[in-house]
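So this block is upload-v8.txt, compact mmCIF, C-alpha atoms:
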# COMPACT_ATOMS: atom_id res chain seq x y z
CA MET A 1 75.04 48.01 119.36
CA ILE A 2 72.80 47.22 116.39
CA ALA A 3 70.35 49.86 117.62
CA THR A 4 72.98 52.56 117.08
CA ILE A 5 74.14 51.22 113.71
CA VAL A 6 70.74 50.98 112.06
CA GLN A 7 69.57 54.10 110.27
CA TRP A 8 66.17 54.12 111.94
CA LYS A 9 64.97 57.35 110.36
CA GLU A 10 65.66 56.21 106.78
CA LEU A 11 64.36 52.71 107.52
CA GLY A 12 61.18 54.12 109.06
CA GLN A 13 60.64 56.42 106.07
CA THR A 14 61.18 53.47 103.73
CA VAL A 15 58.59 51.37 105.56
CA ALA A 16 56.11 54.27 105.71
CA ALA A 17 56.54 55.08 102.00
CA SER A 18 56.19 51.39 101.09
CA VAL A 19 52.98 51.00 103.09
CA VAL A 20 51.40 54.21 101.79
CA ALA A 21 52.35 53.58 98.16
CA GLY A 22 51.81 49.80 98.13
CA VAL A 23 48.44 49.80 99.86
CA GLY A 24 47.34 53.19 98.48
CA ILE A 25 47.95 52.36 94.83
CA THR A 26 46.29 48.94 95.10
CA PHE A 27 43.30 50.45 96.90
CA ALA A 28 42.95 53.31 94.39
CA PHE A 29 43.23 50.92 91.46
CA SER A 30 40.57 48.68 93.02
CA VAL A 31 38.27 51.69 93.36
CA GLY A 32 38.95 52.36 89.66
CA ILE A 33 37.85 48.83 88.78
CA TRP A 34 34.82 49.15 91.07
CA GLY A 35 33.88 52.44 89.34
CA SER A 36 34.18 50.90 85.88
CA GLY A 37 32.12 47.87 86.89
CA GLN A 38 29.43 49.98 88.51
CA PHE A 39 29.34 52.34 85.51
CA ILE A 40 28.67 49.43 83.14
CA GLU A 41 26.16 47.76 85.47
CA LEU A 42 24.18 50.92 86.28
CA SER A 43 24.16 52.06 82.65
CA ARG A 44 22.61 48.72 81.69
CA ASN A 45 19.98 49.22 84.40
CA ASP A 46 19.14 52.63 82.97
CA ARG A 47 20.42 54.65 85.96
CA PRO A 48 22.52 57.29 84.19
CA VAL A 49 23.15 59.62 87.15
CA ALA A 50 24.39 56.89 89.48
CA ALA A 51 26.40 55.40 86.59
CA THR A 52 28.05 58.78 85.93
CA VAL A 53 28.93 59.25 89.62
CA ALA A 54 30.47 55.77 89.80
CA GLY A 55 32.32 56.39 86.55
CA VAL A 56 33.72 59.70 87.80
CA VAL A 57 34.83 58.13 91.12
CA GLY A 58 36.52 55.32 89.19
CA ALA A 59 38.22 57.72 86.79
CA LEU A 60 39.47 59.90 89.67
CA ALA A 61 40.87 56.84 91.42
CA LEU A 62 42.72 55.77 88.26
CA LEU A 63 44.05 59.33 87.90
CA CYS A 64 45.35 59.06 91.48
CA VAL A 65 47.18 55.86 90.53
CA ALA A 66 48.76 57.55 87.51
CA GLY A 67 49.71 60.58 89.62
CA ALA A 68 51.25 58.42 92.36
CA VAL A 69 53.34 56.50 89.82
CA ILE A 70 54.62 59.72 88.22
CA VAL A 71 55.39 61.34 91.60
CA GLY A 72 57.20 58.18 92.72
CA ILE A 73 59.45 58.15 89.65
CA VAL A 74 60.15 61.90 89.91
CA VAL A 75 61.13 61.52 93.59
CA MET A 76 63.44 58.64 92.66
CA THR A 77 65.28 60.72 90.08
CA GLN A 78 65.86 63.62 92.46
CA LYS A 79 68.42 61.98 94.76
CA MET B 80 100.20 46.48 83.32
CA SER B 81 99.27 43.52 85.54
CA SER B 82 96.78 45.62 87.55
CA ASP B 83 95.21 46.87 84.32
CA VAL B 84 94.72 43.29 83.14
CA ILE B 85 93.04 42.41 86.45
CA LEU B 86 90.87 45.53 86.20
CA VAL B 87 89.69 44.54 82.71
CA ILE B 88 88.91 41.03 84.00
CA VAL B 89 87.03 42.52 86.99
CA VAL B 90 84.92 44.81 84.78
CA ALA B 91 84.11 41.93 82.42
CA THR B 92 83.30 39.65 85.39
CA ALA B 93 81.11 42.33 86.99
CA LEU B 94 79.17 42.75 83.76
CA ALA B 95 78.86 38.95 83.52
CA PHE B 96 77.48 38.99 87.08
CA ASP B 97 75.06 41.73 86.06
CA PHE B 98 73.93 39.57 83.16
CA THR B 99 73.38 36.57 85.46
CA ASN B 100 71.59 38.88 87.89
CA GLY B 101 69.12 39.89 85.17
CA PHE B 102 68.89 36.29 83.97
CA HIS B 103 68.33 34.98 87.49
CA ASP B 104 65.93 37.73 88.57
CA THR B 105 63.72 37.79 85.49
CA ALA B 106 61.37 35.61 87.50
CA ASN B 107 60.96 38.29 90.16
CA VAL B 108 59.79 40.78 87.60
CA VAL B 109 57.62 38.78 85.23
CA ALA B 110 56.48 35.62 87.00
CA THR B 111 53.29 37.06 88.43
CA SER B 112 52.27 38.71 85.13
CA ILE B 113 52.80 35.45 83.27
CA SER B 114 51.15 33.18 85.82
CA THR B 115 47.97 35.29 85.99
CA GLY B 116 47.75 35.50 82.21
CA ALA B 117 48.28 39.28 82.19
CA ALA B 118 51.00 38.96 79.57
CA ARG B 119 52.57 36.37 77.29
CA PRO B 120 56.09 35.34 78.40
CA SER B 121 57.83 36.91 75.41
CA VAL B 122 55.99 40.24 75.85
CA ALA B 123 56.46 40.33 79.63
CA ILE B 124 60.17 39.55 79.41
CA GLY B 125 60.80 42.05 76.58
CA PHE B 126 58.92 44.78 78.49
CA ALA B 127 60.78 43.99 81.71
CA SER B 128 64.10 44.04 79.90
CA LEU B 129 63.42 47.50 78.46
CA LEU B 130 62.33 48.91 81.83
CA ASN B 131 65.32 47.29 83.56
CA PHE B 132 67.54 49.28 81.20
CA VAL B 133 65.68 52.54 81.86
CA GLY B 134 65.57 51.90 85.61
CA ALA B 135 69.34 51.69 85.84
CA PHE B 136 69.60 55.40 85.02
CA ILE B 137 67.26 56.85 87.65
CA SER B 138 69.42 56.70 90.79
CA ILE B 139 72.96 56.02 92.04
CA SER B 140 72.30 55.88 95.80
CA VAL B 141 72.64 52.10 95.99
CA ALA B 142 75.85 52.14 93.90
CA ALA B 143 77.33 54.58 96.41
CA THR B 144 76.42 52.26 99.30
CA VAL B 145 78.02 49.22 97.64
CA ALA B 146 81.16 51.16 96.66
CA LYS B 147 81.73 53.06 99.91
CA ASP B 148 79.71 51.72 102.86
CA VAL B 149 80.18 47.92 102.96
CA VAL B 150 83.93 47.34 102.73
CA ASN B 151 86.87 49.64 103.41
CA ALA B 152 87.90 50.86 99.94
CA GLU B 153 91.42 51.63 101.19
CA VAL B 154 92.30 47.96 101.74
CA ILE B 155 90.39 46.62 98.73
CA THR B 156 92.32 45.46 95.66
CA THR B 157 91.01 44.52 92.25
CA THR B 158 91.76 40.85 93.02
CA ILE B 159 89.52 41.00 96.10
CA VAL B 160 86.68 42.44 94.03
CA PHE B 161 87.28 39.76 91.38
CA ALA B 162 87.15 36.92 93.94
CA GLY B 163 83.95 38.37 95.43
CA LEU B 164 82.34 38.47 92.01
CA ILE B 165 83.28 34.85 91.34
CA GLY B 166 81.67 33.91 94.68
CA ALA B 167 78.47 35.71 93.66
CA ILE B 168 78.32 34.31 90.12
CA ALA B 169 79.03 30.78 91.32
CA TRP B 170 76.23 30.93 93.91
CA ASN B 171 73.85 32.51 91.38
CA LEU B 172 74.49 29.70 88.92
CA ILE B 173 74.16 26.99 91.58
CA THR B 174 70.76 28.31 92.71
CA TRP B 175 69.66 28.89 89.11
CA TYR B 176 70.60 25.30 88.27
CA PHE B 177 68.33 24.03 91.04
CA GLY B 178 65.57 26.55 90.24
CA LEU B 179 65.79 28.40 93.55
CA PRO B 180 65.08 32.16 93.62
CA SER B 181 67.90 33.20 95.98
CA SER B 182 69.27 36.74 96.16
CA SER B 183 71.84 37.94 93.62
CA SER B 184 72.38 41.03 95.74
CA HIS B 185 73.24 39.10 98.87
CA ALA B 186 75.43 36.81 96.79
CA LEU B 187 77.36 39.83 95.53
CA ILE B 188 77.75 41.43 98.94
CA GLY B 189 78.54 38.07 100.56
CA GLY B 190 81.17 37.32 97.91
CA VAL B 191 82.91 40.68 98.30
CA VAL B 192 82.77 40.51 102.11
CA GLY B 193 84.18 36.95 102.11
CA SER B 194 87.09 37.75 99.80
CA ALA B 195 87.81 40.99 101.69
CA VAL B 196 87.95 39.13 105.02
CA ALA B 197 90.18 36.44 103.49
CA ALA B 198 92.55 39.14 102.22
CA ALA B 199 92.62 41.71 104.99
CA GLY B 200 90.79 40.27 108.01
CA PHE B 201 87.65 41.64 109.60
CA ASP B 202 89.09 45.18 109.60
CA ALA B 203 88.19 45.31 105.89
CA ILE B 204 84.49 45.29 106.76
CA LEU B 205 82.54 48.44 107.56
CA ALA B 206 80.19 46.91 110.12
CA GLU B 207 77.98 49.99 110.32
CA GLY B 208 77.22 49.94 106.60
CA LEU B 209 76.98 46.15 106.35
CA VAL B 210 74.55 45.80 109.25
CA GLY B 211 72.69 49.11 108.99
CA LYS B 212 72.36 49.34 105.21
CA VAL B 213 72.36 45.71 104.11
CA LEU B 214 71.52 43.12 106.77
CA VAL B 215 68.71 44.89 108.66
CA PRO B 216 66.92 46.12 105.49
CA ALA B 217 67.38 42.57 104.11
CA VAL B 218 65.25 41.24 106.95
CA VAL B 219 62.78 44.13 107.11
CA ALA B 220 62.04 44.50 103.37
CA PRO B 221 60.45 41.10 102.60
CA VAL B 222 58.41 41.28 105.81
CA VAL B 223 57.10 44.72 104.81
CA ALA B 224 56.33 43.44 101.28
CA PHE B 225 54.50 40.45 102.80
CA LEU B 226 52.37 42.69 105.05
CA VAL B 227 51.73 45.38 102.41
CA ALA B 228 50.69 42.82 99.78
CA GLY B 229 48.50 40.98 102.30
CA PHE B 230 46.78 44.12 103.53
CA ALA B 231 46.38 45.50 100.00
CA ILE B 232 44.79 42.33 98.61
CA GLY B 233 42.42 42.14 101.60
CA LEU B 234 41.32 45.71 100.92
CA SER B 235 40.97 45.03 97.19
CA TYR B 236 38.74 42.01 97.68
CA ARG B 237 36.48 44.15 99.88
CA VAL B 238 36.26 46.89 97.23
CA VAL B 239 35.65 44.70 94.17
CA GLY B 240 34.10 41.65 95.88
CA ARG B 241 30.61 42.21 94.48
CA GLN B 242 31.67 43.05 90.94
CA ARG B 243 31.39 40.63 88.02
CA PRO B 244 34.52 38.44 87.97
CA GLY B 245 35.15 39.14 84.27
CA ILE B 246 35.64 42.88 84.60
CA VAL B 247 37.66 42.47 87.82
CA THR B 248 40.08 40.00 86.24
CA ARG B 249 40.43 42.10 83.09
CA GLY B 250 40.95 45.24 85.16
CA TYR B 251 43.72 43.78 87.30
CA ARG B 252 45.38 42.23 84.26
CA TYR B 253 45.59 45.70 82.71
CA GLY B 254 46.82 46.95 86.09
CA GLN B 255 49.59 44.39 86.02
CA VAL B 256 51.05 46.19 83.01
CA ILE B 257 51.59 49.16 85.36
CA SER B 258 52.62 47.21 88.45
CA GLY B 259 54.85 44.86 86.45
CA GLY B 260 56.42 47.85 84.70
CA LEU B 261 57.09 49.56 88.02
CA LEU B 262 58.60 46.39 89.39
CA ALA B 263 60.91 46.07 86.36
CA LEU B 264 61.93 49.71 86.78
CA ALA B 265 62.58 49.13 90.49
CA HIS B 266 64.58 45.98 89.76
CA GLY B 267 66.68 47.81 87.16
CA THR B 268 67.48 50.69 89.45
CA ASN B 269 68.32 48.65 92.58
CA ASP B 270 70.11 45.69 91.01
CA ALA B 271 72.04 47.36 88.18
CA GLN B 272 73.42 49.80 90.74
CA LYS B 273 75.07 46.96 92.65
CA THR B 274 77.20 46.20 89.61
CA MET B 275 77.89 49.90 89.14
CA GLY B 276 79.00 50.01 92.78
CA VAL B 277 81.33 47.02 92.38
CA ILE B 278 82.94 48.35 89.19
CA THR B 279 83.34 51.74 90.88
CA LEU B 280 84.96 49.99 93.87
CA ALA B 281 87.38 48.22 91.49
CA LEU B 282 88.19 51.51 89.72
CA ILE B 283 88.88 53.13 93.12
CA ALA B 284 91.05 50.15 94.15
CA ALA B 285 93.01 50.44 90.89
CA GLY B 286 93.56 54.16 91.48
CA LYS B 287 91.51 55.16 88.44
CA LEU B 288 88.94 57.05 90.54
CA GLY B 289 89.02 59.04 93.78
CA SER B 290 87.59 57.36 96.89
CA GLU B 291 84.47 59.56 96.87
CA ALA B 292 83.80 59.36 93.12
CA ASP B 293 80.41 58.44 91.68
CA PRO B 294 80.08 55.77 88.95
CA PRO B 295 81.26 57.12 85.55
CA THR B 296 78.68 57.29 82.75
CA TRP B 297 80.20 54.34 80.85
CA VAL B 298 79.79 52.19 83.95
CA ILE B 299 76.11 53.13 84.23
CA VAL B 300 75.43 52.44 80.52
CA ALA B 301 77.33 49.13 80.56
CA SER B 302 75.57 47.93 83.73
CA ALA B 303 72.15 48.90 82.38
CA THR B 304 72.82 47.05 79.13
CA ALA B 305 74.12 43.89 80.84
CA ILE B 306 71.16 43.55 83.21
CA ALA B 307 68.67 44.25 80.42
CA LEU B 308 70.25 41.58 78.19
CA GLY B 309 70.28 39.13 81.12
CA THR B 310 66.62 39.79 81.80
CA TYR B 311 65.76 39.26 78.13
CA SER B 312 67.48 35.87 78.24
CA GLY B 313 65.64 35.01 81.49
CA GLY B 314 65.37 31.66 83.18
CA TRP B 315 62.07 29.83 82.91
CA ARG B 316 62.80 27.47 85.82
CA ILE B 317 62.71 30.23 88.43
CA ILE B 318 59.73 31.91 86.75
CA LYS B 319 57.85 28.65 87.28
CA THR B 320 58.82 28.50 90.98
CA THR B 321 57.84 32.09 91.73
CA GLY B 322 54.83 32.21 89.45
CA THR B 323 53.07 28.96 90.19
CA ARG B 324 54.76 26.84 92.81
CA ILE B 325 54.55 29.25 95.79
CA ILE B 326 50.85 30.02 95.26
CA LYS B 327 48.40 29.88 92.37
CA MET B 328 47.59 33.56 91.90
CA ASP B 329 44.65 35.46 90.51
CA ALA B 330 45.19 38.79 88.74
CA ALA B 331 44.33 40.86 91.84
CA GLN B 332 46.93 38.99 93.89
CA GLY B 333 49.49 39.45 91.12
CA PHE B 334 48.77 43.19 91.07
CA SER B 335 49.06 43.59 94.84
CA ALA B 336 52.25 41.48 95.01
CA GLN B 337 53.90 43.49 92.24
CA GLY B 338 52.65 46.81 93.65
CA ALA B 339 53.96 45.99 97.12
CA GLY B 340 57.28 44.79 95.70
CA ALA B 341 57.75 47.88 93.55
CA ALA B 342 56.85 50.22 96.44
CA VAL B 343 59.32 48.57 98.83
CA ILE B 344 62.16 48.41 96.30
CA LEU B 345 61.74 51.97 95.02
CA ALA B 346 61.50 53.41 98.56
CA SER B 347 64.58 51.44 99.64
CA THR B 348 66.53 52.46 96.57
CA HIS B 349 65.79 56.10 97.32
CA PHE B 350 67.55 55.72 100.68
CA GLY B 351 70.44 53.69 99.22
CA PHE B 352 69.53 50.28 100.70
CA PRO B 353 70.85 47.54 98.36
CA LEU B 354 68.17 44.99 99.16
CA SER B 355 67.22 41.78 97.46
CA THR B 356 64.53 42.17 94.82
CA THR B 357 64.09 38.39 95.00
CA HIS B 358 63.28 38.44 98.70
CA VAL B 359 60.91 41.36 98.31
CA ILE B 360 58.79 40.03 95.48
CA ASN B 361 58.62 36.57 97.03
CA GLY B 362 57.51 38.24 100.26
CA GLY B 363 54.81 40.04 98.28
CA VAL B 364 53.69 36.85 96.54
CA MET B 365 53.45 34.98 99.84
CA GLY B 366 51.62 37.90 101.49
CA SER B 367 49.01 38.09 98.76
CA GLY B 368 48.50 34.33 99.00
CA ALA B 369 48.42 34.09 102.78
CA ALA B 370 45.87 36.92 103.07
CA LYS B 371 43.40 34.96 100.95
CA ARG B 372 44.01 31.61 102.61
CA LEU B 373 47.04 30.51 104.63
CA SER B 374 46.95 27.06 103.08
CA ALA B 375 47.08 28.62 99.60
CA VAL B 376 50.81 29.17 100.09
CA ARG B 377 52.87 26.07 99.44
CA TRP B 378 54.93 26.47 102.57
CA GLY B 379 57.25 23.60 101.64
CA VAL B 380 58.41 25.46 98.53
CA ALA B 381 58.55 28.69 100.54
CA GLY B 382 60.73 26.86 103.10
CA ASN B 383 63.18 25.75 100.39
CA ILE B 384 63.43 29.33 99.22
CA LEU B 385 64.03 30.49 102.79
CA VAL B 386 66.87 28.00 103.19
CA ALA B 387 68.44 29.25 99.95
CA TRP B 388 68.13 32.83 101.27
CA LEU B 389 69.81 31.93 104.56
CA LEU B 390 72.63 30.12 102.78
CA THR B 391 73.32 32.84 100.21
CA LEU B 392 75.47 35.27 102.23
CA PRO B 393 77.68 32.66 103.93
CA MET B 394 78.03 30.43 100.84
CA ALA B 395 78.90 33.30 98.50
CA ALA B 396 81.32 34.60 101.16
CA LEU B 397 82.93 31.16 101.43
CA ILE B 398 83.32 30.81 97.66
CA GLY B 399 84.68 34.39 97.47
CA ALA B 400 87.21 33.66 100.22
CA LEU B 401 88.31 30.37 98.63
CA THR B 402 88.65 32.05 95.25
CA TYR B 403 90.82 34.78 96.75
CA GLY B 404 92.98 32.14 98.45
CA PHE B 405 93.34 30.26 95.17
CA THR B 406 94.38 33.36 93.20
CA ARG B 407 97.02 34.18 95.82
CA ILE B 408 98.72 30.82 95.18
CA PHE B 409 99.84 32.38 91.90
CA GLY B 410 101.02 35.66 93.48
CA THR B 411 99.53 39.13 93.23
CA GLY B 412 99.65 39.36 89.42
CA ALA B 413 97.05 38.62 86.78
CA LEU B 414 97.80 34.87 86.48
CA GLY B 415 95.47 33.82 89.32
CA PRO B 416 92.42 35.78 88.08
CA VAL B 417 93.08 34.62 84.49
CA LEU B 418 93.17 30.96 85.57
CA VAL B 419 90.04 31.33 87.72
CA THR B 420 88.24 33.02 84.82
CA LEU B 421 89.11 30.15 82.48
CA MET B 422 88.00 27.57 85.06
CA ALA B 423 84.76 29.47 85.73
CA LEU B 424 83.98 29.71 82.02
CA SER B 425 84.54 25.95 81.64
CA LEU B 426 82.18 25.24 84.54
CA VAL B 427 79.51 27.59 83.14
CA VAL B 428 79.66 25.90 79.72
CA ALA B 429 79.44 22.48 81.39
CA ALA B 430 76.44 23.57 83.52
CA PHE B 431 74.59 24.97 80.50
CA ALA B 432 75.31 21.83 78.47
CA ARG B 433 74.03 19.58 81.29
CA ARG B 434 70.95 21.77 81.73
CA ALA B 435 70.27 21.66 78.00
CA GLN B 436 70.36 17.85 78.14
CA ARG B 437 67.75 17.87 80.92
CA GLY B 438 65.32 20.05 78.95
CA ALA B 439 65.48 23.21 76.92
CA PRO B 440 64.59 26.35 78.93
CA VAL B 441 61.84 28.61 77.61
CA THR B 442 63.40 31.98 76.83
CA ALA B 443 61.98 35.30 75.72
CA ALA B 444 62.80 34.48 72.15
CA GLY B 445 61.21 31.11 72.49
CA GLY B 446 58.05 32.53 74.02

Starting from the file, lay out its structure as structure tokens.
Amino acid sequence: MIATIVQWKELGQTVAASVVAGVGITFAFSVGIWGSGQFIELSRNDRPVAATVAGVVGALALLCVAGAVIVGIVVMTQK
Amino acid sequence: MSSDVILVIVVATALAFDFTNGFHDTANVVATSISTGAARPSVAIGFASLLNFVGAFISISVAATVAKDVVNAEVITTTIVFAGLIGAIAWNLITWYFGLPSSSSHALIGGVVGSAVAAAGFDAILAEGLVGKVLVPAVVAPVVAFLVAGFAIGLSYRVVGRQRPGIVTRGYRYGQVISGGLLALAHGTNDAQKTMGVITLALIAAGKLGSEADPPTWVIVASATAIALGTYSGGWRIIKTTGTRIIKMDAAQGFSAQGAGAAVILASTHFGFPLSTTHVINGGVMGSGAAKRLSAVRWGVAGNILVAWLLTLPMAALIGALTYGFTRIFGTGALGPVLVTLMALSLVVAAFARRAQRGAPVTAAGG
């Protein structure tokens, strides 16, 4: 009986969205921190090209976090 | 005239519940930021309060579920809604008094279900909505938050494991401004909507709104304000339980717990599931702790919280049913609700006075 009452589609979408957003944002933010750390470290070691690449990767990851947050809020307001 | 008096009492009681909800759930929103040192208590609570207010305006899906999908609006009266609210507030205050982070949402739904059953039997319950939109998501959501937070923190440690600890801690502390803000927004939108739903249900029961009506603007503004004020006045006892007694967190764990909590609550809100923000964030906190080391979680404290969770629906339902029975002793007029309100206010004042004697709580204003 419960199987017919539960809104499996909505529940499944909720779980999927939670996993993608929860894990994705934490992962992207971690990459952002990694990029910042590597940028500082490599700059100190006089490796400007590698430092720039790490910095760009980190910045892109942080942009992804910002984008995901904005998209999430916009989706929320549209229902 | 009598029904209008009851309606006014119901709206005031619902807003009082909303205030206690914010007060009670402040811990869910700010505990991790405070315990990891990402923000000072006064800043974290003020920020959460503001975003609670904003969050209340971004969706009405949950309000619609509470108003239309849990109990049969055709048999609901304003007195039933009132008794349900008293059940929820009473249980909220009992668990607050003992410092247990139980669910305000389940207390509210339990209270309304209990009073509705006492008044009109089990026919008053919409089993499909109660099971499909409340009970099943209530079980699934904290488990998902636990797994998401655990997986996310495991991944994070792999990514930043070789970085200098200083920059990692600073980075995640900054990140907690975002994750904590999202969590406050999520809390505002899911929890304030429950009050909107209950007031809408009372307005429908009183014949002031059609059965398919959405919450009026004044209801949304009043609910947003009440929860924000409650959050600003937040309870330090529960913050301590969530923030330090379940696990001792580092900033990365705080970020992953808040991120997982916000993701689960926002996704659920989008589909109209009125879940417990308390359960979800505690699931996230435990997940981020267990992923690092199972013994890092103080399972005894977690067990106490679990017991409070299990008791919430039936206890709030019981108090709601008893309250309804008590009001009916005085007939169907406003006398019963007025007497219960006076008694409830006396008990609240007594509880606060007793709590004050045992030690002053740390509030936002007090830092």

### Task
Report as number ranges by chain the set of chain B residues whose atoms approach chain A to within 6 Å, with distances computed over only C-alpha atoms.
B: 137-138, 207, 211, 227, 231, 235, 239, 250, 338-339, 342-343, 346-347, 349

Extending 8 Å beyond the listed atoms of range 182-190 of chain B on each side, what axis-aligned box results? I want centre and edge lengths in Å to one decimal, as lines of an AutoDock Vina configuration file.
center_x = 75.2
center_y = 39.1
center_z = 97.1
size_x = 27.9
size_y = 20.7
size_z = 22.9

### Query
How many Å lie between CA of Ala400 in chain B and CA of Ile384 in chain B, rounded to one decimal?
24.2 Å

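Using only C-alpha atoms, the smallest distance between any of B:Ile257, B:Val222, B:Leu426, B:Ala206 and Val108 in chain B comes from B:Ile257.
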
## Note on the structure
Min atom-atom distance to Pro120 in chain B from the set B:Arg243, B:Tyr311, B:Ser182, B:Ala265, counting only C-alpha atoms, belongs to B:Tyr311

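Interatomic distance, CA of Ala135 in chain B against CA of Ile299 in chain B: 7.1 Å.
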
### Message
Quick check, in Å to one decimal: how far apart do CA of Ala169 in chain B and CA of Leu282 in chain B lie?
### Response
22.7 Å

### Query
Near Ser367 in chain B, counting only C-alpha atoms, which residues have an atom at most 12 Å away, once you skip same-chain residues fewer than 3 positions from it, shown as a ChimeraX atom specification?
/A:23,26 /B:111,224-236,325-340,360-364,370-373,375-376
